[in-house]
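Notes to accompany the following structure.
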2 protein chains.
Amino acid sequence: MTKIPYRFYLTEDQIPKQWYNLRADMKEQPDPMLNPATLEPLKEEDLYPIFCKELAHQEMDSTTRYIDIPEEILEMYRVYRPSPLIRAYNLEKELKTPAKIYYKFEGNNTSGSHKLNSAIAQVYYAKKQGLTSITTETGAGQWGTALSEACAYFRLPLTVYMVKCSYDQKPYRKAVMQTFDANVVPSPSNTTDVGKKILEENPDTTGSLGCAISEAVEKATKTEGCRYVLGSVLNQVLLHQSIIGLEAKTAMEILGEYPDIVIGCAGGGSNLGGLIAPFMRDKIVDGKPVEFIAVEPASCPSLTRGKYAYDFCDTGRVTPMAKMYTLGSGFIPSANHAGGLRYHGMSPILSKLYHDGYMKAVSYEQTKVFEVATLFAKVETILPAPESSHAIKCAIDEALKCRETGEEKTILFGLTGTGYFDMAAYSAFHEGKMQDYIPTDDDLKIAFDKLPKVP
Amino acid sequence: MTKIPYRFYLTEDQIPKQWYNLRADMKEQPDPMLNPATLEPLKEEDLYPIFCKELAHQEMDSTTRYIDIPEEILEMYRVYRPSPLIRAYNLEKELKTPAKIYYKFEGNNTSGSHKLNSAIAQVYYAKKQGLTSITTETGAGQWGTALSEACAYFRLPLTVYMVKCSYDQKPYRKAVMQTFDANVVPSPSNTTDVGKKILEENPDTTGSLGCAISEAVEKATKTEGCRYVLGSVLNQVLLHQSIIGLEAKTAMEILGEYPDIVIGCAGGGSNLGGLIAPFMRDKIVDGKPVEFIAVEPASCPSLTRGKYAYDFCDTGRVTPMAKMYTLGSGFIPSANHAGGLRYHGMSPILSKLYHDGYMKAVSYEQTKVFEVATLFAKVETILPAPESSHAIKCAIDEALKCRETGEEKTILFGLTGTGYFDMAAYSAFHEGKMQDYIPTDDDLKIAFDKLPKVP
């Protein structure tokens with residue numbers, strides 16, 4: 001290939017036909033999930049009341065390296081994939097950097113984000129098992145939108161618990177989900193016991209992903225033929241999202257490129273885990289010197305300031321416990337506009353990799369993030385989601401370092417989605433009304449003190 | 001090619017390097033624009049106070065068949081083009097039709113619509129001439145967004161007069177334009193003489209494209225180093241938008257396909273004119289039996305119920321007069337949510353083709369349009385703009401006719417943009433609050449009676 005194009009698309013038959021399960025190549029496995037009552041490691045069957053069987057199996061399967069993507073899922077992937085790998089020529093020029101910047105853009109579908117990759121898979125398996133409805137939570141609304149879309153396609157009824165501050169800030173997100181026939185409930189709500197309890201304790205709460213998860217899980221386990229699905233954190237989600245990294249790697253290989261640095265924003269870890277998977281394999285198995293950077297908001301810094309400990313995945317403590325970097329399941333982050341990153345914990349797989357030194361992490365304040373989001377929109381003509389803009393900020397910082405040192409590094413980052421539904425945040429930024437919030441050490445200590453005691 | 005993919009992308013080097021000027025192949029030319037004072041045909045120089053010189057030239061040039069796209073414009077096209085040609089397999093299945101349905105999807109860029117194709121060209125020429133600012137109007141906000149994006153890229157200050165009902169219905173559209181540094185003014189406004197006059201006569205007006213054009217033109221002609229740009233109707237715009245049709249035709253040729261029917265929504269005609277251009281050439285020059293259908297809202301039916309007559313392009317009567325299908329420049333359409341189609345007139349090129357029998361036209365009420373928009377979103381997983389959904393409705397009707405007759409027609413339609421900023425309209429539809437409005441014959445007679453008298 002003489003000149004690398006701006007946007008590079010694989011062809012339809014180059015879409016991967018298998019997901020890649022990074023656990024099969026990890027030197028050490030993440031610690032197992034625990035039953036909070038017995039503190040015993042969970043078995044696959046223990047998950048059946050929450051997840052459908054195939055997804056419970058994928059959650060526990062740490063040995064099968066490649067897992068076939070069912071044809072029905074591939075059919076739907078073909079409607080919007082492959083996603084483009086974009087060379088950020090304009091951004092490079094703007095930064096006057098010798099670095100080569102690539103981004104894998106996952107916002108090119110109606111849901112506007114990468115979340116659709118796992119939504120399709122989870123709805124397919126639920127439908128195949130004969131379930132009659134599912135529940136979920138959504139933060140920024142990207143997951144809820146993606147899942148609504150997948151449920152409309154497979155015709156499976158859906159209830160979405162939407163974090164209250166997002167529900168209020170983003171009425172049009174709700175409208176999109178309703179266009180896809182979803183039932184959208186602001187969380188915490190009075191429709192569940194755990195929601196009622198949280199509201200009693202803190203009537204003015206703006207909610208959190210942790211609360212919304214509790215409600216969705218309770219609703220699923222108390223409703224016949226219903227299960228819960230989750231858009232991040234879980235091993236199964238990282239498995240499905242590996243399609244991002246697999247496509248990116250194939251595309252880079254065709255272009256004769258390979259990244260020195262791979263960057264992704266990290267809330268629960270779905271995008272980052274999927275993007276880095278095949279490159280992390282190269283580092284673990286072949287010793288390739290790839291650098292990985294997780295980027296999180298300074299307002300919810302689970303990797304950079306959290307503890308690596310067993311914790312509940314939700315605020316209401318109805319889920320199993322996972323070993324992960326956590327701010328404590330009682331931590332309620334400020335109403336940061338990057339709603340998708342407002343989660344107290346982090347994927348156990350990513351937590352383990354970070355703990356074992358395979359990955360770095362940085363955090364940014366949101367005003368700094370919106371500065372680069374605005375710049376990026378102007379030069380690259382894609383309006384990025386606030387979540388994705390965390391990765392942009394880090395990629396720019398790395399590219400600027402290259403300008404200092406003269407190094408011609410190849411940087412790859414994940415541009416997970418578009419910001420069409422985040423215009424209230426963009427407006428707040430432009431009008432100088434956006435504030436930064438960083439939890440104090442005391443804030444964190446209060447939440448850490450409530451971590452469950454696991455020997 | 002064994003199986004036609006869902007989404008087919010040309011490669012970057014297959015992006016057309018020339019625009020196609022349909023006028024060079026029309027048997028009869030559209031009637032010339034007239035100077036309203038003298039009723040004499042306009043000369044190119046007469047347009048210099050309004051448009052920059054190169055665009056004035058393109059406006060008048062009816063003989064050059066292919067016009068080179070400057071490299072600077074191609075550079076920017078490469079950032080988001082080629083746009084995909086999509087085979088609507090899911091929609092075909094849903095409709096149980098033997099027809100093959102294709103759509104050219106132009107919503108795959110930040111502006112969310114095809115408007116960017118002409119915005120880039122117009123801003124480039126304005127910048128090249130050394131202008132220091134430009135003005136424009138926007139209806140639904142798609143053109144304003146696209147132009148803001150192009151202006152941010154080429155760093156040229158911009159004032160956008162936004163039709164008041166859109167300004168109120170779509171606060172986030174405004175926010176996007178502001179992200180790209182545009183100055184957005186609701187129209188009619190007190191910043192121009194014509195705006196003041198319209199407000200005096202009708203203080204409660206929700207505005208129209210016609211009013212907003214008057215204001216933008218006045219502002220441009222009264223400001224040093226400023227010119228006006230327009231996103232539709234003009235010959236130059238159809239020229240730039242020919243890239244849609246050229247890409248579509250090349251892609252279909254590679255796939256071994258050719259359309260029996262080409263369908264597009266029509267407000268001022270920018271998308272329809274661009275999409276049909278090379279296929280219309282085949283019909284005019286080679287006698288290919290292609291059918292063309294323009295789709296408009298029943299609330300603003302310029303082709304289906306308008307008169308073919310000389311009229312002003314704007315409500316304030318500050319522009320030259322064009323021979324076109326028009327409802328009268330005094331016609332103020334109802335606050336139809338498909339804001340981009342709320343224009344009293346129609347491209348003179350398309351008007352001439354329609355008048356000479358090369359093209360058909362149909363109109364639909366908006367509730368019918370939102371019904372198919374919702375269906376389309378569910379099966380094709382693209383949330384269509386209300387404007388674009390007019391074309392979907394017609395394509396579905398044609399596909400259903402094929403189901404009746406068993407004909408395996410190949411249908412191509414233009415999906416001009418996404419509906420992310422139209423969620424208020426989608427909500428109104430879902431909540432049963434959307435109303436249809438069809439002007440009565442008396443409504444039209446009042447506007448027709450005010451048409452300028454041209455012998």
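Order determines the names: the first chain of the structure tokens is A, the second B, and so forth; residues in each chain are numbered 1 upward, and ligands are numbered 1 upward as they are shown.
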If we count only C-alpha atoms and set the cut-off at 9 Å, which residues sit around B:Ala126, ignoring sequence neighbours fewer than 6 positions away in its own chain? Please answer as JSON, numbers by chain. {"B": [51, 52, 53, 54, 55, 132, 133, 134, 156, 226, 227]}
Please produce a file of those selected residues containing all heavy atoms, as a compact mmCIF listing (two decimals), in the first residue's frame.
```txt
# COMPACT_ATOMS: atom_id res chain seq x y z
N PHE B 51 -22.05 35.82 -3.96
CA PHE B 51 -21.21 34.61 -3.87
C PHE B 51 -19.76 34.95 -4.20
O PHE B 51 -19.49 35.90 -4.94
CB PHE B 51 -21.68 33.56 -4.89
CG PHE B 51 -23.11 33.13 -4.73
CD1 PHE B 51 -23.96 33.08 -5.83
CD2 PHE B 51 -23.61 32.77 -3.49
CE1 PHE B 51 -25.28 32.69 -5.69
CE2 PHE B 51 -24.93 32.36 -3.35
CZ PHE B 51 -25.77 32.32 -4.46
N CYS B 52 -18.84 34.14 -3.71
CA CYS B 52 -17.46 34.34 -4.14
C CYS B 52 -17.36 33.95 -5.63
O CYS B 52 -18.22 33.26 -6.16
CB CYS B 52 -16.48 33.58 -3.26
SG CYS B 52 -16.48 31.81 -3.51
N LYS B 53 -16.30 34.45 -6.28
CA LYS B 53 -16.26 34.39 -7.75
C LYS B 53 -16.33 32.98 -8.31
O LYS B 53 -17.04 32.70 -9.27
CB LYS B 53 -15.01 35.11 -8.25
CG LYS B 53 -15.12 36.62 -8.11
CD LYS B 53 -13.87 37.32 -8.62
CE LYS B 53 -14.02 38.83 -8.35
NZ LYS B 53 -12.79 39.56 -8.69
N GLU B 54 -15.56 32.08 -7.73
CA GLU B 54 -15.51 30.73 -8.28
C GLU B 54 -16.89 30.06 -8.19
O GLU B 54 -17.32 29.35 -9.10
CB GLU B 54 -14.47 29.90 -7.51
CG GLU B 54 -14.20 28.53 -8.09
CD GLU B 54 -13.59 28.55 -9.49
OE1 GLU B 54 -12.81 29.48 -9.78
OE2 GLU B 54 -13.91 27.65 -10.28
N LEU B 55 -17.59 30.33 -7.09
CA LEU B 55 -18.92 29.74 -6.93
C LEU B 55 -19.93 30.41 -7.86
O LEU B 55 -20.83 29.75 -8.40
CB LEU B 55 -19.37 29.82 -5.47
CG LEU B 55 -18.55 28.93 -4.51
CD1 LEU B 55 -18.89 29.25 -3.05
CD2 LEU B 55 -18.80 27.45 -4.79
N THR B 132 -13.25 37.14 4.66
CA THR B 132 -12.95 37.09 6.10
C THR B 132 -14.11 36.56 6.93
O THR B 132 -13.96 36.32 8.13
CB THR B 132 -12.55 38.49 6.60
OG1 THR B 132 -13.53 39.43 6.15
CG2 THR B 132 -11.19 38.88 6.05
N SER B 133 -15.27 36.39 6.30
CA SER B 133 -16.39 35.73 7.00
C SER B 133 -17.46 35.33 5.99
O SER B 133 -17.48 35.83 4.87
CB SER B 133 -17.00 36.65 8.07
OG SER B 133 -17.67 37.73 7.46
N ILE B 134 -18.35 34.45 6.42
CA ILE B 134 -19.50 34.09 5.58
C ILE B 134 -20.75 33.97 6.44
O ILE B 134 -20.67 33.88 7.67
CB ILE B 134 -19.27 32.76 4.79
CG1 ILE B 134 -18.95 31.60 5.72
CG2 ILE B 134 -18.20 32.94 3.74
CD1 ILE B 134 -18.85 30.27 4.98
N LEU B 156 -12.60 29.90 9.14
CA LEU B 156 -13.29 31.06 8.57
C LEU B 156 -14.51 31.35 9.45
O LEU B 156 -15.34 30.47 9.65
CB LEU B 156 -13.73 30.71 7.14
CG LEU B 156 -14.32 31.84 6.29
CD1 LEU B 156 -13.27 32.92 6.00
CD2 LEU B 156 -14.86 31.29 4.96
N CYS B 226 -17.40 39.73 3.33
CA CYS B 226 -18.32 38.65 3.69
C CYS B 226 -19.13 38.23 2.46
O CYS B 226 -19.46 39.07 1.61
CB CYS B 226 -19.24 39.15 4.80
SG CYS B 226 -20.37 37.89 5.46
N ARG B 227 -19.42 36.98 2.34
CA ARG B 227 -20.32 36.50 1.30
C ARG B 227 -21.30 35.52 1.92
O ARG B 227 -21.12 35.08 3.07
CB ARG B 227 -19.58 35.82 0.15
CG ARG B 227 -18.71 36.71 -0.67
CD ARG B 227 -19.48 37.68 -1.53
NE ARG B 227 -18.56 38.42 -2.41
CZ ARG B 227 -17.75 39.40 -2.00
NH1 ARG B 227 -17.73 39.77 -0.73
NH2 ARG B 227 -16.95 40.00 -2.87
```
Using only C-alpha atoms and a cut-off of 7 Å, which residues of chain A sit close to chain B? Please list them as an NGL selection string. :A and (5-7 or 12 or 78-79 or 108-110 or 149 or 152-153 or 172 or 175-176 or 179-180 or 374 or 378-379 or 381-383 or 420 or 423 or 427)
What's around stretch 415-417 of chain A at 10 Å? Count only C-alpha atoms, leave out sequence neighbours fewer than 4 positions away in its own chain, and write the answer as JSON, numbers by chain. {"A": [85, 86, 102, 103, 104, 105, 106, 107, 108, 109, 111, 112, 113, 114, 115, 142, 244, 263, 264, 265, 270, 271, 272, 275, 382, 383, 384, 385, 386, 387, 388, 389, 390, 391, 392]}
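With only C-alpha atoms as the atoms that count, the minimum distance from B:Leu131 to the choices B:Tyr167, B:Tyr66, B:Tyr364, B:Tyr228 is reached by B:Tyr228.
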Mind checking which residues fall within 9 Å of A:Ile446, counting only C-alpha atoms, ignoring those fewer than 4 positions away in the same chain, and posting them as a list in words? Gly328, Gly330, Phe331, Asp441, Asp442 and Lys450 of chain A
Polymer residues at most 12 Å from B:Asp31, only C-alpha atoms, same-chain spacing of 6 or more positions, as a PyMOL selection string: chain B and resi 23+40-42+60+62+308-311+321-324+347-353+355
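The space separating atom CA of A:Val185 from atom CA of A:Glu218 comes to 13.8 Å.
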Would you pick out the contacts of A:Ser214 at 12 Å or less, using only C-alpha atoms, so that residues sharing its chain but fewer than 5 positions from it are not included, and give the list as a ChimeraX atom specification? /A:50,135-138,161-163,187-189,191-198,207-209,219-221,228-230,312-320,329
Selection above as a file: N, CA and C atoms, as a CSV table (one decimal), in the first residue's frame:
```csv
chain,number,residue,atom,x,y,z
A,50,ILE,N,-28.7,-15.5,37.3
A,50,ILE,CA,-28.5,-14.1,36.9
A,50,ILE,C,-28.3,-14.0,35.4
A,135,THR,N,-33.2,-7.5,31.7
A,135,THR,CA,-33.0,-6.1,32.3
A,135,THR,C,-31.5,-5.7,32.2
A,136,THR,N,-31.3,-4.4,32.3
A,136,THR,CA,-30.0,-3.9,32.4
A,136,THR,C,-29.9,-2.6,33.1
A,137,GLU,N,-28.7,-2.0,33.2
A,137,GLU,CA,-28.6,-0.7,33.7
A,137,GLU,C,-27.8,0.1,32.6
A,138,THR,N,-27.9,1.4,32.6
A,138,THR,CA,-27.1,2.2,31.7
A,138,THR,C,-26.7,3.5,32.4
A,161,TYR,N,-32.6,0.3,33.6
A,161,TYR,CA,-32.4,1.2,34.7
A,161,TYR,C,-31.3,2.2,34.4
A,162,MET,N,-31.8,3.4,34.2
A,162,MET,CA,-30.8,4.5,33.7
A,162,MET,C,-30.4,5.3,34.9
A,163,VAL,N,-29.1,5.5,35.1
A,163,VAL,CA,-28.6,6.3,36.2
A,163,VAL,C,-29.3,7.7,36.2
A,187,SER,N,-32.9,5.4,37.8
A,187,SER,CA,-32.4,4.7,39.0
A,187,SER,C,-31.6,5.6,39.9
A,188,PRO,N,-31.8,5.5,41.3
A,188,PRO,CA,-32.6,4.5,42.0
A,188,PRO,C,-34.1,4.8,41.8
A,189,SER,N,-34.9,3.7,41.9
A,189,SER,CA,-36.3,3.9,41.6
A,189,SER,C,-37.1,3.1,42.8
A,191,THR,N,-39.2,0.8,42.0
A,191,THR,CA,-39.6,-0.5,41.5
A,191,THR,C,-38.9,-1.7,42.0
A,192,THR,N,-37.9,-1.5,42.9
A,192,THR,CA,-37.1,-2.6,43.5
A,192,THR,C,-36.9,-2.3,45.0
A,193,ASP,N,-36.6,-3.3,45.7
A,193,ASP,CA,-36.4,-3.2,47.1
A,193,ASP,C,-35.1,-2.4,47.4
A,194,VAL,N,-34.0,-2.8,46.6
A,194,VAL,CA,-32.8,-2.1,46.7
A,194,VAL,C,-32.8,-0.6,46.4
A,195,GLY,N,-33.6,-0.3,45.3
A,195,GLY,CA,-33.8,1.1,44.9
A,195,GLY,C,-34.5,1.9,46.0
A,196,LYS,N,-35.5,1.3,46.6
A,196,LYS,CA,-36.2,1.9,47.7
A,196,LYS,C,-35.3,2.2,48.9
A,197,LYS,N,-34.5,1.2,49.2
A,197,LYS,CA,-33.5,1.4,50.3
A,197,LYS,C,-32.5,2.5,50.1
A,198,ILE,N,-32.0,2.5,48.9
A,198,ILE,CA,-31.0,3.6,48.5
A,198,ILE,C,-31.7,4.9,48.6
A,207,GLY,N,-27.7,8.9,41.7
A,207,GLY,CA,-27.5,7.5,41.2
A,207,GLY,C,-26.1,7.2,40.8
A,208,SER,N,-25.9,6.0,40.5
A,208,SER,CA,-24.6,5.5,40.0
A,208,SER,C,-24.8,4.2,39.2
A,209,LEU,N,-23.8,3.8,38.5
A,209,LEU,CA,-23.9,2.5,37.8
A,209,LEU,C,-24.1,1.4,38.8
A,219,LYS,N,-34.5,-7.1,39.8
A,219,LYS,CA,-35.7,-7.2,38.9
A,219,LYS,C,-35.6,-8.5,38.1
A,220,ALA,N,-34.4,-8.8,37.6
A,220,ALA,CA,-34.2,-10.0,36.7
A,220,ALA,C,-34.4,-11.3,37.5
A,221,THR,N,-33.8,-11.3,38.7
A,221,THR,CA,-33.9,-12.5,39.5
A,221,THR,C,-35.3,-12.8,40.1
A,228,TYR,N,-30.4,-10.9,33.6
A,228,TYR,CA,-29.8,-9.6,33.6
A,228,TYR,C,-28.6,-9.7,32.6
A,229,VAL,N,-28.4,-8.5,32.0
A,229,VAL,CA,-27.2,-8.4,31.1
A,229,VAL,C,-26.5,-7.1,31.5
A,230,LEU,N,-25.2,-7.1,31.3
A,230,LEU,CA,-24.3,-6.0,31.7
A,230,LEU,C,-23.4,-5.7,30.6
A,312,PHE,N,-18.1,-5.9,45.9
A,312,PHE,CA,-19.3,-6.2,45.2
A,312,PHE,C,-19.3,-5.4,43.9
A,313,CYS,N,-20.0,-5.9,42.9
A,313,CYS,CA,-20.0,-5.2,41.6
A,313,CYS,C,-21.1,-4.1,41.6
A,314,ASP,N,-21.9,-4.1,42.6
A,314,ASP,CA,-23.0,-3.1,42.7
A,314,ASP,C,-23.1,-2.5,44.0
A,315,THR,N,-23.8,-1.4,44.1
A,315,THR,CA,-24.0,-0.6,45.4
A,315,THR,C,-24.8,-1.4,46.4
A,316,GLY,N,-25.8,-2.1,45.9
A,316,GLY,CA,-26.8,-2.7,46.8
A,316,GLY,C,-26.3,-4.1,47.3
A,317,ARG,N,-25.1,-4.5,46.9
A,317,ARG,CA,-24.5,-5.7,47.3
A,317,ARG,C,-25.4,-7.0,47.1
A,318,VAL,N,-26.0,-7.0,45.9
A,318,VAL,CA,-26.8,-8.2,45.5
A,318,VAL,C,-26.0,-9.1,44.6
A,319,THR,N,-24.8,-8.6,44.1
A,319,THR,CA,-24.1,-9.4,43.1
A,319,THR,C,-23.0,-10.3,43.8
A,320,PRO,N,-22.4,-11.2,43.1
A,320,PRO,CA,-21.2,-11.8,43.6
A,320,PRO,C,-20.1,-10.8,43.8
A,329,SER,N,-17.8,-0.2,46.7
A,329,SER,CA,-19.1,-0.2,46.1
A,329,SER,C,-20.0,0.9,46.7
```
Would you please extract all strand (DSSP E) residues from stretch 52-202 of chain B, as assigned by DSSP on the backbone, and give them as an MDAnalysis selection string? chainID B and resid 66:68 85:87 100:105 133:138 158:163 183:187
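Atom CA of A:Ser363 to atom CA of A:Ala298 spans 5.0 Å [interatomic distance, one decimal].
Proximity to A:Gly141 was assessed for A:Ala24, A:Ile254, A:Leu341, A:Cys402 counting only C-alpha atoms; the smallest distance is recorded for A:Leu341.
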Might you pull out every residue within 6 Å of stretch 356-362 of chain A, with only C-alpha atoms counted and same-chain residues fewer than 3 positions away left off, and present them as a PDB file with N, CA and C atoms, in the first residue's frame?
```
ATOM      1  N   PHE A 292       0.568  -0.203  27.218  1.00  0.00           N
ATOM      2  CA  PHE A 292      -0.882  -0.075  27.312  1.00  0.00           C
ATOM      3  C   PHE A 292      -1.235   0.974  28.358  1.00  0.00           C
ATOM      4  N   ILE A 293      -2.158   1.860  28.018  1.00  0.00           N
ATOM      5  CA  ILE A 293      -2.543   2.901  28.975  1.00  0.00           C
ATOM      6  C   ILE A 293      -4.067   2.959  29.119  1.00  0.00           C
ATOM      7  N   ALA A 294      -4.522   2.762  30.343  1.00  0.00           N
ATOM      8  CA  ALA A 294      -5.937   2.938  30.680  1.00  0.00           C
ATOM      9  C   ALA A 294      -6.141   4.384  31.126  1.00  0.00           C
ATOM     10  N   VAL A 295      -7.215   5.009  30.640  1.00  0.00           N
ATOM     11  CA  VAL A 295      -7.458   6.413  30.973  1.00  0.00           C
ATOM     12  C   VAL A 295      -8.789   6.540  31.692  1.00  0.00           C
ATOM     13  N   LEU A 353      -4.235  -7.503  35.078  1.00  0.00           N
ATOM     14  CA  LEU A 353      -3.148  -7.099  34.177  1.00  0.00           C
ATOM     15  C   LEU A 353      -2.441  -5.854  34.716  1.00  0.00           C
TER      16      LEU A 353
END
```
In Å, how far is it from atom CA of A:Val262 to atom CA of A:Glu296? 14.5 Å
